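**Student:** Take a look at input.cif, mmCIF, C-alpha atoms:
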data_input
#
loop_
_atom_site.label_atom_id
_atom_site.label_comp_id
_atom_site.auth_asym_id
_atom_site.auth_seq_id
_atom_site.Cartn_x
_atom_site.Cartn_y
_atom_site.Cartn_z
CA MET A 1 11.14 9.87 20.34
CA GLN A 2 13.91 12.23 19.22
CA ILE A 3 16.36 10.78 16.69
CA GLN A 4 19.87 12.21 16.41
CA ARG A 5 21.92 12.61 13.24
CA GLY A 6 23.66 9.32 12.44
CA GLN A 7 21.39 7.30 14.74
CA ARG A 8 19.93 3.98 13.59
CA ALA A 9 16.76 2.47 15.03
CA ALA A 10 14.39 -0.39 14.30
CA VAL A 11 11.11 0.78 12.80
CA ARG A 12 9.27 -1.15 15.53
CA ASP A 13 10.97 1.15 18.06
CA ILE A 14 9.98 4.40 16.35
CA THR A 15 6.37 3.56 15.39
CA PRO A 16 3.97 0.89 16.65
CA ASN A 17 2.62 0.18 13.16
CA THR A 18 5.37 -1.58 11.22
CA ALA A 19 3.07 -2.47 8.31
CA THR A 20 2.13 1.09 7.30
CA TRP A 21 3.64 4.36 8.45
CA ASP A 22 3.57 8.00 7.38
CA ILE A 23 6.54 10.31 6.87
CA GLY A 24 6.35 14.08 7.18
CA ILE A 25 9.13 16.40 5.93
CA HIS A 26 9.39 20.14 6.46
CA ILE A 27 12.27 22.49 5.54
CA GLU A 28 12.38 26.23 6.24
CA GLY A 29 14.75 28.84 4.84
CA LEU A 30 14.84 27.90 1.14
CA ALA A 31 12.75 26.17 -1.51
CA THR A 32 13.41 22.45 -1.91
CA ASP A 33 12.05 19.50 -3.87
CA ILE A 34 11.46 16.32 -1.90
CA ALA A 35 11.80 12.83 -3.39
CA LEU A 36 12.00 9.23 -2.23
CA PHE A 37 14.15 6.63 -4.01
CA GLY A 38 13.29 2.92 -3.76
CA LEU A 39 16.60 1.12 -4.24
CA ASP A 40 17.75 -2.47 -4.64
CA ALA A 41 20.25 -4.35 -2.45
CA GLN A 42 23.13 -2.65 -4.31
CA GLY A 43 21.71 0.77 -3.53
CA LYS A 44 20.72 1.39 -7.15
CA LEU A 45 17.57 2.67 -8.80
CA SER A 46 17.05 -0.47 -10.88
CA ASP A 47 13.47 0.58 -11.72
CA GLU A 48 13.03 4.33 -12.31
CA ARG A 49 9.33 4.06 -11.41
CA TYR A 50 10.55 3.89 -7.79
CA MET A 51 11.71 7.51 -7.82
CA ILE A 52 8.66 9.02 -6.10
CA PHE A 53 8.26 12.79 -6.41
CA PHE A 54 5.72 15.42 -7.52
CA ASN A 55 5.64 14.17 -11.10
CA GLN A 56 5.44 10.48 -10.16
CA PRO A 57 3.46 10.23 -6.91
CA HIS A 58 3.01 6.44 -6.69
CA SER A 59 5.23 3.39 -6.95
CA PRO A 60 3.97 0.70 -9.35
CA CYS A 61 3.31 -1.70 -6.46
CA GLY A 62 1.30 0.86 -4.46
CA GLY A 63 3.65 0.50 -1.49
CA ILE A 64 4.89 4.11 -1.67
CA GLU A 65 2.62 7.13 -2.06
CA LEU A 66 3.47 10.83 -2.10
CA ARG A 67 1.05 12.20 0.51
CA PRO A 68 2.15 14.88 3.01
CA PRO A 69 0.63 14.78 6.49
CA ALA A 70 -1.23 17.89 7.59
CA GLY A 71 1.15 20.79 8.25
CA ASP A 72 4.16 19.30 6.46
CA GLN A 73 5.81 20.48 3.26
CA ALA A 74 5.96 16.97 1.83
CA GLY A 75 5.57 13.40 2.94
CA PHE A 76 4.96 9.81 2.02
CA VAL A 77 2.91 6.80 3.04
CA ILE A 78 4.92 3.57 3.23
CA ARG A 79 3.05 0.24 3.01
CA ASN A 80 5.97 -2.12 3.39
CA PHE A 81 3.83 -5.27 2.94
CA MET A 82 3.19 -4.16 -0.66
CA LEU A 83 6.83 -3.54 -1.57
CA PRO A 84 8.45 -6.19 -3.79
CA PRO A 85 11.43 -8.11 -2.34
CA GLY A 86 13.81 -6.28 -4.70
CA ILE A 87 13.23 -2.95 -2.93
CA GLU A 88 15.66 -3.02 0.00
CA ARG A 89 16.17 0.70 0.76
CA LEU A 90 13.93 3.78 0.83
CA VAL A 91 15.99 6.97 0.76
CA LEU A 92 14.43 10.36 1.58
CA THR A 93 16.07 13.25 -0.28
CA ALA A 94 15.81 17.02 -0.61
CA SER A 95 17.33 19.17 -3.37
CA VAL A 96 17.49 22.94 -3.64
CA ASP A 97 14.92 24.42 -6.02
CA GLY A 98 16.65 27.56 -7.31
CA VAL A 99 19.36 29.54 -5.51
CA GLY A 100 20.97 28.74 -2.19
CA THR A 101 22.48 25.71 -0.52
CA MET A 102 21.39 23.39 2.26
CA GLY A 103 23.50 25.49 4.60
CA ASN A 104 20.73 28.12 4.30
CA VAL A 105 18.18 25.86 6.03
CA SER A 106 16.91 27.62 9.14
CA ALA A 107 15.10 24.56 10.49
CA GLY A 108 13.85 21.24 9.25
CA TYR A 109 12.69 17.80 10.30
CA VAL A 110 11.72 14.32 9.22
CA ARG A 111 8.99 12.86 11.38
CA ILE A 112 7.39 9.40 11.53
CA LEU A 113 3.68 9.10 12.20
CA ASP A 114 1.23 6.34 13.03
CA GLY A 115 -1.83 7.78 11.35
CA GLU A 116 -2.12 11.31 12.74
CA ASN A 117 0.07 10.63 15.79
CA GLU A 118 3.74 11.57 15.60
CA THR A 119 5.92 8.83 17.08
CA SER A 120 9.45 10.07 16.34
CA ARG A 121 11.33 13.01 14.81
CA PHE A 122 14.76 13.78 13.36
CA SER A 123 15.47 17.54 13.40
CA PHE A 124 18.23 19.39 11.54
CA THR A 125 19.41 22.91 10.60
CA GLY A 126 21.77 24.45 8.06
CA GLY A 127 24.56 23.87 10.56
CA ASP A 128 24.37 20.17 9.71
CA PHE A 129 25.24 20.98 6.08
CA SER A 130 27.42 23.37 4.10
CA THR A 131 27.39 24.09 0.34
CA GLU A 132 25.39 21.00 -0.64
CA LYS A 133 22.63 21.41 -3.22
CA ALA A 134 20.99 18.07 -2.35
CA VAL A 135 20.96 15.76 0.67
CA MET A 136 19.89 12.31 1.75
CA LEU A 137 17.87 13.11 4.87
CA GLY A 138 17.17 9.60 6.06
CA GLU A 139 16.94 6.01 4.94
CA PHE A 140 14.73 3.02 5.69
CA TYR A 141 16.46 -0.27 4.98
CA ARG A 142 15.86 -3.98 5.45
CA LYS A 143 18.07 -5.92 7.84
CA ASP A 144 17.49 -9.49 9.05
CA GLY A 145 13.93 -9.40 7.73
CA ALA A 146 12.97 -6.17 9.53
CA TRP A 147 12.96 -2.50 8.56
CA ARG A 148 15.29 0.01 10.22
CA PHE A 149 15.71 3.80 9.98
CA TRP A 150 19.01 5.70 9.63
CA ALA A 151 19.17 9.49 10.06
CA THR A 152 21.85 10.08 7.41
CA ALA A 153 21.83 13.83 6.51
CA GLN A 154 24.50 13.25 3.83
CA GLY A 155 24.97 15.93 1.16
CA PHE A 156 25.84 16.19 -2.55
CA ASN A 157 27.35 19.36 -4.04
CA GLY A 158 26.05 18.47 -7.50
CA GLY A 159 22.40 18.68 -6.53
CA LEU A 160 19.68 16.48 -7.91
CA GLU A 161 21.79 15.37 -10.88
CA ALA A 162 24.45 14.01 -8.53
CA LEU A 163 21.77 12.28 -6.46
CA VAL A 164 20.18 10.53 -9.43
CA LYS A 165 23.56 9.45 -10.82
CA HIS A 166 24.65 8.24 -7.38
CA PHE A 167 21.64 5.93 -7.35
CA GLY A 168 22.36 4.63 -10.84
CA GLY A 169 19.68 6.63 -12.67
CA GLU A 170 20.02 8.82 -15.75
CA VAL A 171 19.38 12.52 -16.32
CA SER A 172 18.55 14.29 -19.55
CA ALA A 173 19.78 17.72 -18.42
CA PRO A 174 21.34 19.22 -15.29
CA GLN A 175 18.98 19.14 -12.30
CA THR A 176 16.33 17.22 -14.24
CA ALA A 177 15.57 13.55 -13.74
CA VAL A 178 14.53 11.45 -16.72
CA PRO A 179 10.74 11.13 -16.76
CA ALA A 180 9.75 7.69 -15.53
CA PRO A 181 8.68 5.38 -18.37
CA ALA A 182 5.06 4.32 -18.36
CA ALA A 183 4.51 0.71 -17.38
CA PRO A 184 3.53 -1.43 -20.38
CA PRO A 185 -0.21 -2.08 -20.68
CA VAL A 186 -1.41 -5.43 -19.45
CA SER A 187 -3.57 -7.55 -21.72
CA LEU A 188 -6.68 -8.66 -19.86
CA ASN A 189 -7.54 -11.96 -21.53
CA LYS A 190 -9.06 -14.06 -18.73
CA VAL A 191 -6.19 -13.24 -16.41
CA THR A 192 -5.40 -15.76 -13.69
CA LEU A 193 -3.04 -14.00 -11.32
CA LYS A 194 0.03 -15.59 -9.77
CA LYS A 195 1.09 -14.79 -6.22
CA ASN A 196 2.11 -11.11 -5.82
CA GLN A 197 1.25 -10.45 -9.49
CA SER A 198 -0.72 -7.28 -10.25
CA VAL A 199 -2.94 -6.14 -13.09
CA SER A 200 -4.69 -2.82 -13.75
CA LEU A 201 -8.15 -2.30 -15.15
CA GLU A 202 -8.49 -0.21 -18.28
CA LYS A 203 -10.67 2.87 -17.82
CA LYS A 204 -13.00 2.76 -20.82
CA SER A 205 -15.37 5.59 -19.83
CA GLU A 206 -15.62 8.34 -17.23
CA ASN A 207 -15.59 5.72 -14.46
CA PHE A 208 -15.19 2.00 -13.94
CA GLY A 209 -18.89 1.23 -13.48
CA GLU A 210 -19.88 -1.59 -11.14
CA ILE A 211 -16.96 -3.78 -10.06
CA THR A 212 -18.01 -7.14 -8.64
CA VAL A 213 -15.95 -9.52 -6.55
CA ASN A 214 -17.35 -13.06 -6.43
CA LEU A 215 -16.23 -15.86 -4.11
CA ASN A 216 -17.09 -19.39 -5.15
CA TRP A 217 -16.01 -22.72 -3.73
CA ASN A 218 -16.62 -26.47 -3.75
CA GLN A 219 -20.11 -27.03 -2.36
CA THR A 220 -20.36 -30.79 -2.83
CA GLY A 221 -19.85 -33.82 -0.60
CA SER A 222 -18.25 -33.10 2.76
CA MET A 223 -17.97 -29.42 1.83
CA SER A 224 -21.73 -28.95 1.36
CA ALA A 225 -22.14 -27.50 4.87
CA MET A 226 -19.03 -25.32 4.75
CA ASP A 227 -19.78 -21.70 5.66
CA LEU A 228 -17.20 -19.80 3.63
CA ASP A 229 -17.58 -16.02 3.89
CA LEU A 230 -16.48 -13.13 1.67
CA GLY A 231 -15.52 -9.77 3.16
CA CYS A 232 -13.13 -6.86 2.84
CA LEU A 233 -11.23 -4.22 4.75
CA PHE A 234 -11.21 -0.77 3.17
CA GLU A 235 -9.62 2.64 3.52
CA LEU A 236 -11.36 5.66 2.00
CA ALA A 237 -9.50 8.56 0.40
CA GLY A 238 -9.90 10.66 3.54
CA GLY A 239 -8.20 7.97 5.63
CA ARG A 240 -11.31 6.39 7.19
CA PRO A 241 -10.91 2.59 7.56
CA GLY A 242 -13.68 0.03 7.86
CA ALA A 243 -14.83 -3.52 7.19
CA VAL A 244 -17.59 -5.04 5.09
CA GLN A 245 -18.49 -8.55 6.23
CA ALA A 246 -21.36 -10.73 7.40
CA LEU A 247 -19.86 -10.93 10.89
CA GLY A 248 -21.60 -8.19 12.85
CA LYS A 249 -23.90 -7.61 9.85
CA ASN A 250 -21.61 -4.95 8.40
CA PHE A 251 -22.90 -5.31 4.84
CA GLY A 252 -21.84 -1.82 3.71
CA ASP A 253 -23.67 0.33 1.15
CA TYR A 254 -23.33 0.58 -2.63
CA PHE A 255 -24.88 4.04 -3.09
CA TYR A 256 -23.36 5.78 -0.07
CA ALA A 257 -19.99 5.63 1.70
CA PRO A 258 -18.14 3.29 1.68
CA TRP A 259 -19.65 2.53 -1.79
CA ILE A 260 -18.92 -1.16 -1.14
CA GLU A 261 -21.68 -3.69 -0.39
CA LEU A 262 -21.77 -7.40 0.44
CA MET A 263 -24.79 -8.96 -1.26
CA GLY A 264 -26.05 -11.21 1.52
CA ASP A 265 -24.49 -14.15 3.36
CA ASP A 266 -24.74 -17.72 2.09
CA ARG A 267 -24.99 -19.55 5.40
CA SER A 268 -25.98 -22.88 3.85
CA GLY A 269 -23.54 -23.10 0.95
CA GLN A 270 -26.46 -23.88 -1.34
CA ILE A 271 -26.23 -20.77 -3.53
CA SER A 272 -24.30 -21.88 -6.60
CA GLU A 273 -23.14 -18.33 -7.35
CA GLY A 274 -21.35 -18.10 -3.98
CA GLU A 275 -21.04 -14.64 -2.39
CA THR A 276 -20.50 -11.28 -4.07
CA ILE A 277 -19.24 -7.82 -3.12
CA ARG A 278 -20.23 -4.85 -5.30
CA ILE A 279 -17.95 -1.81 -5.59
CA ASN A 280 -19.41 1.41 -6.99
CA GLY A 281 -16.82 2.45 -9.59
CA GLN A 282 -18.48 5.86 -10.00
CA HIS A 283 -17.04 6.70 -6.58
CA TRP A 284 -13.64 5.05 -7.10
CA PRO A 285 -11.79 8.38 -6.44
CA SER A 286 -13.24 8.24 -2.90
CA ILE A 287 -11.71 4.81 -2.18
CA ARG A 288 -7.98 4.43 -1.44
CA ARG A 289 -7.64 0.66 -1.07
CA ILE A 290 -9.56 -2.55 -0.43
CA MET A 291 -8.32 -5.90 0.90
CA ILE A 292 -10.57 -8.78 -0.14
CA PHE A 293 -10.58 -11.72 2.26
CA ALA A 294 -12.31 -15.07 2.66
CA SER A 295 -12.96 -16.73 6.00
CA ILE A 296 -14.16 -20.07 7.29
CA TYR A 297 -16.76 -19.08 9.87
CA ASP A 298 -17.58 -22.46 11.36
CA GLY A 299 -15.58 -25.66 11.75
CA ALA A 300 -11.89 -26.50 11.43
CA PRO A 301 -9.98 -24.73 8.63
CA ASN A 302 -9.77 -26.99 5.59
CA TRP A 303 -8.71 -24.67 2.80
CA ALA A 304 -7.25 -27.47 0.67
CA SER A 305 -10.74 -28.90 0.10
CA THR A 306 -12.52 -25.64 -0.71
CA ASP A 307 -11.23 -25.21 -4.30
CA ALA A 308 -12.10 -21.56 -3.71
CA GLN A 309 -11.44 -18.72 -6.11
CA ILE A 310 -12.22 -15.03 -6.42
CA THR A 311 -13.41 -13.59 -9.74
CA ILE A 312 -13.31 -9.83 -10.26
CA ARG A 313 -15.41 -8.34 -13.06
CA ALA A 314 -15.93 -4.83 -14.44
CA PRO A 315 -17.87 -3.63 -17.52
CA GLY A 316 -15.93 -4.11 -20.75
CA GLN A 317 -13.11 -6.01 -18.98
CA ASP A 318 -12.16 -9.67 -19.04
CA ASP A 319 -12.48 -11.64 -15.81
CA ILE A 320 -9.60 -11.50 -13.33
CA VAL A 321 -9.30 -14.76 -11.40
CA VAL A 322 -7.49 -15.29 -8.09
CA GLU A 323 -7.25 -18.92 -7.04
CA LEU A 324 -6.72 -19.93 -3.41
CA ASP A 325 -3.95 -22.31 -4.40
CA GLU A 326 -2.09 -22.22 -1.09
CA TYR A 327 -3.46 -23.77 2.07
CA SER A 328 -3.43 -23.59 5.87
CA ARG A 329 -4.89 -25.97 8.43
CA TYR A 330 -4.46 -23.54 11.31
CA HIS A 331 -5.78 -20.16 10.13
CA ARG A 332 -9.38 -19.40 9.26
CA VAL A 333 -8.90 -16.08 7.36
CA CYS A 334 -7.23 -15.70 3.96
CA ALA A 335 -6.21 -12.31 2.52
CA VAL A 336 -6.95 -13.07 -1.13
CA ALA A 337 -6.37 -9.89 -3.15
CA SER A 338 -5.94 -6.15 -2.76
CA ILE A 339 -7.68 -3.57 -4.95
CA ASP A 340 -5.77 -0.29 -4.81
CA ASN A 341 -6.40 3.20 -6.16
CA ILE A 342 -3.09 4.04 -7.84
CA GLY A 343 -3.38 7.52 -9.30
CA GLY A 344 -7.04 6.91 -10.13
CA ALA A 345 -6.43 3.49 -11.71
CA VAL A 346 -7.67 0.18 -10.31
CA ARG A 347 -4.77 -2.14 -9.49
CA ILE A 348 -5.52 -5.71 -8.39
CA THR A 349 -2.82 -7.80 -6.67
CA LYS A 350 -2.95 -11.43 -5.57
CA HIS A 351 -1.81 -12.14 -1.99
CA VAL A 352 -3.26 -15.42 -0.55
CA THR A 353 -1.79 -15.09 2.94
CA PHE A 354 -3.38 -16.72 6.00
CA HIS A 355 -4.22 -15.22 9.39
CA GLY A 356 -5.83 -16.36 12.63
CA ASP A 357 -8.73 -13.91 12.47
CA GLU A 358 -9.83 -10.60 10.94
CA GLU A 359 -8.00 -8.56 13.58
CA MET A 360 -4.71 -10.31 12.80
CA LEU A 361 -5.34 -9.70 9.08
CA ASP A 362 -5.87 -6.01 9.84
CA HIS A 363 -2.63 -5.87 11.82
CA ALA A 364 -0.69 -7.48 8.96
CA TYR A 365 -1.91 -4.97 6.37
CA GLY A 366 -2.17 -1.86 8.53
CA PHE A 367 -5.79 -0.69 8.28
CA GLY A 368 -5.94 0.27 11.97
CA LEU A 369 -9.47 -0.81 12.96
CA ARG A 370 -10.68 -1.33 16.53
CA TRP A 371 -12.07 -4.84 16.89
CA ARG A 372 -14.53 -6.41 19.30
CA ALA A 373 -16.11 -9.84 19.51
CA GLY A 374 -19.17 -10.32 17.33
CA SER A 375 -21.27 -12.84 15.49
CA LYS A 376 -23.59 -12.98 12.50
CA GLU A 377 -26.60 -12.70 14.82
CA THR A 378 -25.45 -9.51 16.62
#
Would you mind writing the file's structure down as structure tokens?

**Tutor:**
Amino acid sequence: MQIQRGQRAAVRDITPNTATWDIGIHIEGLATDIALFGLDAQGKLSDERYMIFFNQPHSPCGGIELRPPAGDQAGFVIRNFMLPPGIERLVLTASVDGVGTMGNVSAGYVRILDGENETSRFSFTGGDFSTEKAVMLGEFYRKDGAWRFWATAQGFNGGLEALVKHFGGEVSAPQTAVPAPAAPPVSLNKVTLKKNQSVSLEKKSENFGEITVNLNWNQTGSMSAMDLDLGCLFELAGGRPGAVQALGKNFGDYFYAPWIELMGDDRSGQISEGETIRINGQHWPSIRRIMIFASIYDGAPNWASTDAQITIRAPGQDDIVVELDEYSRYHRVCAVASIDNIGGAVRITKHVTFHGDEEMLDHAYGFGLRWRAGSKET
């Protein structure tokens, strides 16, 4: 799909994956710096950690990542399901690095991709600009609960300084944005996460060691026969997605890719320790993200009676607890928590959202797996 300057379109019309999409940007004819600003409803940079550029490649929520697709000068991955409600606009910008103006651009484009497949493109040349030193190339914005794209191509003669000030940020010198302040450290004293709350593990050695994720639930009375399962979806650093779960006997591997392993399947509910996934923290740089989920394999969903919780442990860290304190009587899969690689750190976020099955969970969080019917016996 070709997008024209000034055109607006729903994201669902320009890419089939509205949960996660990639953006590629390429500009020929002069050197430019590319940045993305995550803005609030007033169009302001209320949190400077949402200016994503070469010196700050990740947003604190993990929903925006500086990662150019193959063949592009720059680019980003957008995971809109991870963005906090206060981020209403995502503005793509380019500023001249050195001499020249945007009128010197010989050719350029912004393209939207679903994985490696380009789904739409907005092309431009220097004829679309004049003496501007910085431009807003395009903007994603929320409207009526859905994301839309606007091919803006609006310029600023003052360059990057004018851009930052326009968005309500501060600059310490011409053409230089204020370095983003580091997020305050989180104290890990038996943390029980609230919905959408995140916490990061402290790296106390060369790696994180063995990270365990344990699912436990009420195994007494009428719940004694409940078959509650632990599993995860994952995406490796190279982009490969996959699943670790008892269904289909996809138990994974701790010592080889994906470096994630489910330690058996408690079919009877008689194992007091519940079920556990091990993550090999020595290979954490090879893992991009993990979505931990619980599922009720057999019987009608009765989450309110499970009293289920996830406990995440790592050497030298206090336990991180995620309680399943919301309920559904119609969905058998619960996305409990995400574990994301944010610049090499381990960030854990509570979700507790419910889905009809694993494929619907995948669609909601954009891992892009191909699903087929299976069972624990096949």

**Student:** Which residue is closest to A:Met102? Choose from A:Glu139, A:Asp33, A:Asp357, A:Glu88 and count all atoms listed in the file.

**Tutor:**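 For A:Met102, the nearest of the candidates is A:Asp33.
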
**Student:** Point out the residue among A:Ala151, A:Ala162, A:Ile34, A:Leu193 with the least atom-to-atom distance to A:Gln4, counting all atoms listed in the file.

**Tutor:** A:Ala151

**Student:** Closest to A:Thr353 among A:Ala294, A:Ser198, A:Ser106, A:Val321, using all atoms listed in the file?

**Tutor:** A:Ala294

**Student:** Determine the residue membership of the PyMOL selection byres ((chain A and resi 232-246) around 7) for the file above and supply it as a list in words.

**Tutor:** Leu230, Gly231, Leu247, Gly248, Lys249, Asn250, Phe251, Gly252, Glu261, Leu262, Asp265, Ser286, Ile287, Arg288, Arg289, Ile290, Met291, Ile292, Phe293, Phe367, Leu369 and Lys376 of chain A

**Student:** Around (-18.0, -0.8, -8.5) in the file's own coordinates, what residues are found within 7 Å if you use only C-alpha atoms, given back as a PDB file with C-alpha atoms, in the coordinates of the input?

**Tutor:**
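See point25.pdb below for the written result:
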ATOM      1  CA  PHE A 208     -15.190   2.000 -13.940  1.00  0.00           C
ATOM      2  CA  GLY A 209     -18.890   1.230 -13.480  1.00  0.00           C
ATOM      3  CA  GLU A 210     -19.880  -1.590 -11.140  1.00  0.00           C
ATOM      4  CA  ILE A 211     -16.960  -3.780 -10.060  1.00  0.00           C
ATOM      5  CA  THR A 212     -18.010  -7.140  -8.640  1.00  0.00           C
ATOM      6  CA  ARG A 278     -20.230  -4.850  -5.300  1.00  0.00           C
ATOM      7  CA  ILE A 279     -17.950  -1.810  -5.590  1.00  0.00           C
ATOM      8  CA  ASN A 280     -19.410   1.410  -6.990  1.00  0.00           C
ATOM      9  CA  GLY A 281     -16.820   2.450  -9.590  1.00  0.00           C
ATOM     10  CA  GLN A 282     -18.480   5.860 -10.000  1.00  0.00           C
TER      11      GLN A 282
END

**Student:** Kindly resolve the PyMOL selection byres ((chain A and resi 322) around 10) on the present coordinates and return the residues as a list of chain:residue names.

**Tutor:** A:Val191, A:Thr192, A:Leu193, A:Lys194, A:Lys195, A:Leu215, A:Ala308, A:Gln309, A:Ile310, A:Thr311, A:Ile312, A:Asp319, A:Ile320, A:Val321, A:Glu323, A:Leu324, A:Asp325, A:Val336, A:Ala337, A:Ile348, A:Thr349, A:Lys350, A:His351, A:Val352

**Student:** Between atom CA of A:Gly366 and atom CA of A:Tyr109, what is the spacing in Å?

**Tutor:**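 Going from atom CA of A:Tyr109 over to atom CA of A:Gly366 covers 24.7 Å.
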
**Student:** What is the atom CA of A:Gln73 to atom CA of A:Ile27 distance in Å?

**Tutor:**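 Atom-to-atom, atom CA of A:Gln73 to atom CA of A:Ile27, that is 7.1 Å.
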
**Student:** Report, in Å to a single decimal, how far apart atom CA of A:Ser123 and atom CA of A:Ala19 are.

**Tutor:**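 Rounded to one decimal, the two atoms are 24.1 Å apart.
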
**Student:** Do you know which residues are at most 12 Å from A:Pro57 counting all atoms listed in the file, after dropping those on the same chain fewer than 2 positions away, and could you put them as an MDAnalysis selection string?

**Tutor:** chainID A and resid 34:37 49:55 59:68 74:77 180 342:344
